[in-house]
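Chemist: Mind looking over this structure? Questions follow.
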Amino acid sequence: MVKERIHLKKGEYLYRQGEEFNSIFSVRFGSIKTEYSLVNGRHQVMGFYLPGEVLGLEGIDESSYQSNAITLEDSEICMIPFAEFQALTTQIPALQGQFHRILSRGLTQDQRHFLNLGSLYAIERLAGFLIHLSLRLALRGYQDRQFILPMGREEIASYLGVKIETISRALTRFSDAGLIQIHQRFITLVDMGGLYDIAGQAKPGYLYLSEAA
């Protein structure tokens with residue numbers, strides 16, 4: 001089904017918001033962020049995509065892509081024409097079932113993310129973000145406790161709905177508490193149990209960081 005492999009440098013667009021939808025994409029290596037352009041010129045990060053993950057699905061309903069897809073690093077992307085993919089799913093029930101699972105997983109992740117934005121403190125959001133990123137890396141056979149964050153702090157802040165200063169302070173407090181070790185973008189998750197505790201429910205007085213979103 002892969003008709004073309006697209007090589008992009010860091011910061012290049014895979015597709016732009018409003019462009020006609022005709023293909024879905026799978027990250028072969030590298031990483032991509034999607035962001036929504038607001039009418040006031042600002043941008044809201046909507047998601048991050050790692051090797052093996054599929055993006056572009058939001059264009060199916062409106063027949064146009066609903067966000068900008070921009071590489072976070074040099075990347076190779078597999079392009080899959082959606083019309084051909086759709087025709088093949090009618091012939092292969094297992095493929096159709098897998099596609100439905102991908103759609104369902106994406107909806108579930110979106111619902112959880114927006115629920116977190118409305119109900120969690122900044123440190124809880126960040127702990128959950130690091131845990132989820134680790135799980136996604138593990139699922140694809142990558143090192144899940146030590147890795148380089150492909151996204152910057154400003155992009156994490158946009159995704160989590162807080163200020164960049166809030167992310168920096170939270171990472172410093174996680175580091176001081178022995179939960180993580182971080183040098184620039186290289187991060188080691190030292191105490192996963194502690195991160196799970198924070199993501200589940202922040203304890204009064206424990207690493208408390210007032211939100212400045």
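Starting from 1 in every chain, residues are counted up; chains themselves are A, B, ... following the order of the structure tokens, and ligands are numbered from 1 as listed.
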If you run DSSP over the backbone, which residues in segment 112-191 of chain A end up helix (DSSP H, G or I)? Put them as number ranges by chain.

Modeler: A: 112-119, 122-139, 153-160, 164-176

Chemist: If we count only C-alpha atoms and set the cut-off at 10 Å, which residues sit around Glu19 of chain A, ignoring sequence neighbours fewer than 3 positions away in its own chain? Please answer as number ranges by chain.

Modeler: A: 15-16, 22, 59, 63-68

Chemist: Go ahead and save the picked residues with N, CA and C atoms, as a compact mmCIF listing (two decimals), in the first residue's frame.

Modeler:
# COMPACT_ATOMS: atom_id res chain seq x y z
N TYR A 15 2.09 17.94 5.79
CA TYR A 15 0.89 18.53 5.19
C TYR A 15 0.50 19.75 6.01
N ARG A 16 -0.35 20.57 5.42
CA ARG A 16 -0.76 21.80 6.06
C ARG A 16 -2.27 21.81 6.31
N ASN A 22 -6.00 13.20 1.01
CA ASN A 22 -5.97 12.10 0.04
C ASN A 22 -5.16 10.90 0.53
N GLY A 59 -8.40 13.99 8.73
CA GLY A 59 -8.86 14.55 7.46
C GLY A 59 -9.97 13.78 6.79
N SER A 63 -12.60 15.87 4.58
CA SER A 63 -11.89 15.77 3.29
C SER A 63 -10.76 16.79 3.19
N SER A 64 -10.30 17.26 4.32
CA SER A 64 -9.14 18.16 4.36
C SER A 64 -8.44 17.96 5.70
N TYR A 65 -7.14 18.18 5.70
CA TYR A 65 -6.37 18.00 6.93
C TYR A 65 -6.71 19.13 7.90
N GLN A 66 -6.90 18.76 9.18
CA GLN A 66 -7.36 19.70 10.18
C GLN A 66 -6.24 20.29 11.03
N SER A 67 -5.01 20.01 10.65
CA SER A 67 -3.87 20.53 11.40
C SER A 67 -2.65 20.57 10.48
N ASN A 68 -1.59 21.19 10.96
CA ASN A 68 -0.30 21.14 10.30
C ASN A 68 0.49 19.98 10.89

Chemist: Could you give me the residues within segment 17-51 of chain A that DSSP places in strand (DSSP E), as a PDB file with N, CA, C and O atoms, in the first residue's frame?

Modeler:
ATOM      1  N   SER A  23      -4.376  11.085   1.595  1.00  0.00           N
ATOM      2  CA  SER A  23      -3.524   9.998   2.080  1.00  0.00           C
ATOM      3  C   SER A  23      -3.444  10.019   3.596  1.00  0.00           C
ATOM      4  O   SER A  23      -3.645  11.058   4.225  1.00  0.00           O
ATOM      5  N   ILE A  24      -3.159   8.851   4.147  1.00  0.00           N
ATOM      6  CA  ILE A  24      -2.760   8.770   5.541  1.00  0.00           C
ATOM      7  C   ILE A  24      -1.271   8.438   5.561  1.00  0.00           C
ATOM      8  O   ILE A  24      -0.704   8.020   4.543  1.00  0.00           O
ATOM      9  N   PHE A  25      -0.636   8.607   6.703  1.00  0.00           N
ATOM     10  CA  PHE A  25       0.820   8.493   6.763  1.00  0.00           C
ATOM     11  C   PHE A  25       1.242   7.682   7.982  1.00  0.00           C
ATOM     12  O   PHE A  25       0.579   7.703   9.011  1.00  0.00           O
ATOM     13  N   SER A  26       2.347   6.975   7.832  1.00  0.00           N
ATOM     14  CA  SER A  26       2.937   6.232   8.939  1.00  0.00           C
ATOM     15  C   SER A  26       4.395   6.669   9.079  1.00  0.00           C
ATOM     16  O   SER A  26       5.126   6.751   8.091  1.00  0.00           O
ATOM     17  N   VAL A  27       4.798   6.952  10.307  1.00  0.00           N
ATOM     18  CA  VAL A  27       6.175   7.378  10.572  1.00  0.00           C
ATOM     19  C   VAL A  27       7.077   6.143  10.529  1.00  0.00           C
ATOM     20  O   VAL A  27       6.878   5.202  11.297  1.00  0.00           O
ATOM     21  N   ARG A  28       8.065   6.158   9.644  1.00  0.00           N
ATOM     22  CA  ARG A  28       9.025   5.046   9.567  1.00  0.00           C
ATOM     23  C   ARG A  28      10.173   5.287  10.527  1.00  0.00           C
ATOM     24  O   ARG A  28      10.564   4.401  11.277  1.00  0.00           O
ATOM     25  N   PHE A  29      10.738   6.470  10.500  1.00  0.00           N
ATOM     26  CA  PHE A  29      11.667   6.881  11.550  1.00  0.00           C
ATOM     27  C   PHE A  29      11.585   8.387  11.706  1.00  0.00           C
ATOM     28  O   PHE A  29      11.156   9.104  10.807  1.00  0.00           O
ATOM     29  N   ILE A  32       6.977  13.451  14.501  1.00  0.00           N
ATOM     30  CA  ILE A  32       6.181  14.543  13.934  1.00  0.00           C
ATOM     31  C   ILE A  32       5.271  15.110  15.012  1.00  0.00           C
ATOM     32  O   ILE A  32       4.776  14.383  15.882  1.00  0.00           O
ATOM     33  N   LYS A  33       5.050  16.413  14.955  1.00  0.00           N
ATOM     34  CA  LYS A  33       4.019  17.037  15.785  1.00  0.00           C
ATOM     35  C   LYS A  33       2.904  17.526  14.879  1.00  0.00           C
ATOM     36  O   LYS A  33       3.135  17.870  13.714  1.00  0.00           O
ATOM     37  N   THR A  34       1.689  17.532  15.397  1.00  0.00           N
ATOM     38  CA  THR A  34       0.583  18.182  14.699  1.00  0.00           C
ATOM     39  C   THR A  34       0.167  19.387  15.519  1.00  0.00           C
ATOM     40  O   THR A  34       0.140  19.326  16.758  1.00  0.00           O
ATOM     41  N   GLU A  35      -0.118  20.475  14.850  1.00  0.00           N
ATOM     42  CA  GLU A  35      -0.528  21.687  15.545  1.00  0.00           C
ATOM     43  C   GLU A  35      -1.656  22.360  14.785  1.00  0.00           C
ATOM     44  O   GLU A  35      -1.737  22.273  13.552  1.00  0.00           O
ATOM     45  N   TYR A  36      -2.526  23.007  15.526  1.00  0.00           N
ATOM     46  CA  TYR A  36      -3.679  23.708  14.948  1.00  0.00           C
ATOM     47  C   TYR A  36      -3.385  25.200  14.925  1.00  0.00           C
ATOM     48  O   TYR A  36      -2.957  25.779  15.924  1.00  0.00           O
ATOM     49  N   SER A  37      -3.591  25.815  13.777  1.00  0.00           N
ATOM     50  CA  SER A  37      -3.362  27.258  13.637  1.00  0.00           C
ATOM     51  C   SER A  37      -4.622  28.013  14.028  1.00  0.00           C
ATOM     52  O   SER A  37      -5.696  27.809  13.438  1.00  0.00           O
ATOM     53  N   HIS A  43      -0.433  28.976  17.684  1.00  0.00           N
ATOM     54  CA  HIS A  43      -0.517  27.566  17.316  1.00  0.00           C
ATOM     55  C   HIS A  43      -0.684  26.720  18.571  1.00  0.00           C
ATOM     56  O   HIS A  43      -0.046  26.974  19.595  1.00  0.00           O
ATOM     57  N   GLN A  44      -1.533  25.712  18.474  1.00  0.00           N
ATOM     58  CA  GLN A  44      -1.766  24.788  19.579  1.00  0.00           C
ATOM     59  C   GLN A  44      -1.308  23.395  19.154  1.00  0.00           C
ATOM     60  O   GLN A  44      -1.791  22.858  18.165  1.00  0.00           O
ATOM     61  N   VAL A  45      -0.353  22.833  19.894  1.00  0.00           N
ATOM     62  CA  VAL A  45       0.111  21.482  19.582  1.00  0.00           C
ATOM     63  C   VAL A  45      -0.983  20.481  19.943  1.00  0.00           C
ATOM     64  O   VAL A  45      -1.504  20.483  21.060  1.00  0.00           O
ATOM     65  N   MET A  46      -1.315  19.619  18.982  1.00  0.00           N
ATOM     66  CA  MET A  46      -2.397  18.657  19.162  1.00  0.00           C
ATOM     67  C   MET A  46      -1.901  17.249  19.482  1.00  0.00           C
ATOM     68  O   MET A  46      -2.601  16.463  20.100  1.00  0.00           O
ATOM     69  N   GLY A  47      -0.695  16.917  19.009  1.00  0.00           N
ATOM     70  CA  GLY A  47      -0.209  15.562  19.249  1.00  0.00           C
ATOM     71  C   GLY A  47       1.202  15.359  18.741  1.00  0.00           C
ATOM     72  O   GLY A  47       1.745  16.189  18.006  1.00  0.00           O
ATOM     73  N   PHE A  48       1.788  14.228  19.147  1.00  0.00           N
ATOM     74  CA  PHE A  48       3.119  13.833  18.713  1.00  0.00           C
ATOM     75  C   PHE A  48       3.050  12.410  18.175  1.00  0.00           C
ATOM     76  O   PHE A  48       2.356  11.560  18.749  1.00  0.00           O
ATOM     77  N   TYR A  49       3.787  12.152  17.109  1.00  0.00           N
ATOM     78  CA  TYR A  49       3.741  10.844  16.459  1.00  0.00           C
ATOM     79  C   TYR A  49       5.138  10.265  16.346  1.00  0.00           C
ATOM     80  O   TYR A  49       6.060  10.926  15.871  1.00  0.00           O
TER      81      TYR A  49
END

Chemist: Compare A:Ile198, A:Leu149, A:Ile123, A:Leu55 by their minimum atom-to-atom distance to Gln184 of chain A, counting only C-alpha atoms, and give me the closest one.

Modeler: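 Looking at the shortest contact to Gln184 of chain A, the residue is A:Leu149.
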
Chemist: Check the smallest atom-to-atom distance from each of A:Gly11, A:Pro150, A:Pro93, A:Pro81 to Ile187 of chain A using only C-alpha atoms, then report the winner.

Modeler: A:Pro150

Chemist: Please tabulate, as a tab-separated table, the residues of segment 12-99 of chain A that come within 12 Å of segment 140-148 of chain A, each with its closest pair of atoms and the distance in Å to one decimal, counting only C-alpha atoms and ordering rows by chain, then residue number upward.

Modeler:
residue	atom	partner	partner_atom	distance
A:Val27	CA	A:Arg140	CA	11.9
A:Arg28	CA	A:Arg140	CA	11.4
A:Phe29	CA	A:Arg140	CA	11.5
A:Gly30	CA	A:Ile148	CA	11.5
A:Ser31	CA	A:Ile148	CA	11.5
A:Leu50	CA	A:Arg140	CA	9.1
A:Pro51	CA	A:Arg140	CA	7.7
A:Gly52	CA	A:Arg140	CA	7.2
A:Glu53	CA	A:Arg140	CA	9.4
A:Leu72	CA	A:Ile148	CA	11.8
A:Glu73	CA	A:Ile148	CA	11.4

Chemist: Could you save those same residues with C-alpha atoms as a PDB file, in the first residue's frame?

Modeler:
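Written file, part-v7.pdb:
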ATOM      1  CA  VAL A  27       6.175   7.378  10.572  1.00  0.00           C
ATOM      2  CA  ARG A  28       9.025   5.046   9.567  1.00  0.00           C
ATOM      3  CA  PHE A  29      11.667   6.881  11.550  1.00  0.00           C
ATOM      4  CA  GLY A  30      11.854  10.268  13.188  1.00  0.00           C
ATOM      5  CA  SER A  31       8.906  12.052  14.805  1.00  0.00           C
ATOM      6  CA  LEU A  50       6.544   8.291  16.827  1.00  0.00           C
ATOM      7  CA  PRO A  51       7.814   5.515  14.518  1.00  0.00           C
ATOM      8  CA  GLY A  52       5.058   3.043  13.669  1.00  0.00           C
ATOM      9  CA  GLU A  53       2.232   5.471  14.415  1.00  0.00           C
ATOM     10  CA  LEU A  72      10.505  17.377  14.970  1.00  0.00           C
ATOM     11  CA  GLU A  73      13.666  15.835  13.502  1.00  0.00           C
TER      12      GLU A  73
END
